[in-house]
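Take a look at the structure set out below.
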Amino acid sequence: MTIPTKKEIRSEMLSRRNALSSQEIETKSEHIRLRLSGETVYQNCGILLTYVSYQSEVDTLTTIANAWEDKKKVFVPKTGNDGQMEFYEIKSYEDLLPGYRGILEPKGDTSRFVPEEERTEKVLVLVPGCAFDPQGNRIGYGGGYYDRYLPRIRNGIRIALCYDFQLIKKIMPDPYDQKVDALITEKRVLLRKEYV
């Protein structure tokens, strides 16, 4: 039996995800959002770094709105032509414009999150991806943006929001691949042992 490549896993997961109806996405996303909001790590964070959900991804727009209500600072990514990514603060949806592939990004005229800084506020990072395993390994979209960015963050907790079917038994990581500390699906919360 041959082991599927990352490209094959990515293709299969995106196909399964894109087959979800808008109602399924909404229902599953709401279960995931409630699980996230119940986690101590979310409740205690002062800064939320999150992607803006696109197409069939778990919805993050409601989570962003909740974070504003909870008086958290919200930063979302803006990608550059140089393969790098930076996070900028947004205080309303009006701070967003369509960027790469039509994905909503910050205009980039607000304060930038400086990942290398020491800070007293706890930082929570929501990390996107196509597939994950129980050890926190992930397969992203192939651009490597998060694998380059995550090592820069000091003392941030990384959580992936995903549908339960995106969890697979084992992902063989490359040396540069970055793990997440916890996974939240519509059915369960999985924590890496080192994080607990």
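Residues are named by chain letter and number: chains run A, B, ... in the order of the structure tokens, numbers start at 1 in each chain, and ligands are numbered from 1 in the order shown.
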
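For Asn155 of chain A, the list of residues within 10 Å, based on only C-alpha atoms and with local chain neighbours fewer than 6 positions off taken out, reads Pro115, Glu116, Glu117, Glu118, Arg119, Glu121, Lys122, Val123 and Leu124 of chain A.
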
message = Report as a PyMOL selection string all protein, DNA and RNA residues lying within 9 Å of Thr110 of chain A, evaluated on only C-alpha atoms, omitting residues in the same chain fewer than 3 positions from it.
response = chain A and resi 88-90+95+106-107

Using only C-alpha atoms, which residues of segment 107-179 of chain A come within 12 Å of segment 59-66 of chain A, and what is the closest atom pair for each, with the distance in Å to one decimal? Give it as a tab-separated table, sorted by chain and residue number.
residue	atom	partner	partner_atom	distance
A:Leu126	CA	A:Thr60	CA	9.1
A:Val127	CA	A:Thr60	CA	10.9
A:Pro128	CA	A:Thr60	CA	10.3
A:Ala160	CA	A:Thr60	CA	11.3
A:Leu161	CA	A:Thr60	CA	8.9
A:Cys162	CA	A:Asp59	CA	9.7
A:Tyr163	CA	A:Asp59	CA	10.8

Any chance you can output those residues with N, CA and C atoms as a CSV table (one decimal), in the first residue's frame?
chain,number,residue,atom,x,y,z
A,126,LEU,N,-4.9,31.3,15.4
A,126,LEU,CA,-5.7,30.3,14.7
A,126,LEU,C,-5.1,30.0,13.3
A,127,VAL,N,-4.7,28.7,13.2
A,127,VAL,CA,-3.9,28.3,12.0
A,127,VAL,C,-4.8,27.5,11.0
A,128,PRO,N,-4.8,27.9,9.7
A,128,PRO,CA,-5.6,27.2,8.8
A,128,PRO,C,-4.9,26.0,8.2
A,160,ALA,N,-5.8,24.9,15.6
A,160,ALA,CA,-6.4,24.7,14.3
A,160,ALA,C,-7.9,24.4,14.4
A,161,LEU,N,-8.7,25.1,13.6
A,161,LEU,CA,-10.1,24.9,13.6
A,161,LEU,C,-10.3,24.1,12.3
A,162,CYS,N,-10.9,22.9,12.4
A,162,CYS,CA,-11.1,22.1,11.2
A,162,CYS,C,-12.3,21.1,11.4
A,163,TYR,N,-12.8,20.7,10.3
A,163,TYR,CA,-13.9,19.7,10.3
A,163,TYR,C,-13.3,18.3,10.7

query = Which one of A:Ser56, A:Pro98, A:Glu86, A:Cys45 sits closest to Asp70 of chain A if you count only C-alpha atoms?
reply = A:Cys45

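Nearest to Thr120 of chain A of all the residues A:Trp68, A:Val52, A:Asn44, A:Val74 is A:Asn44, counting only C-alpha atoms.
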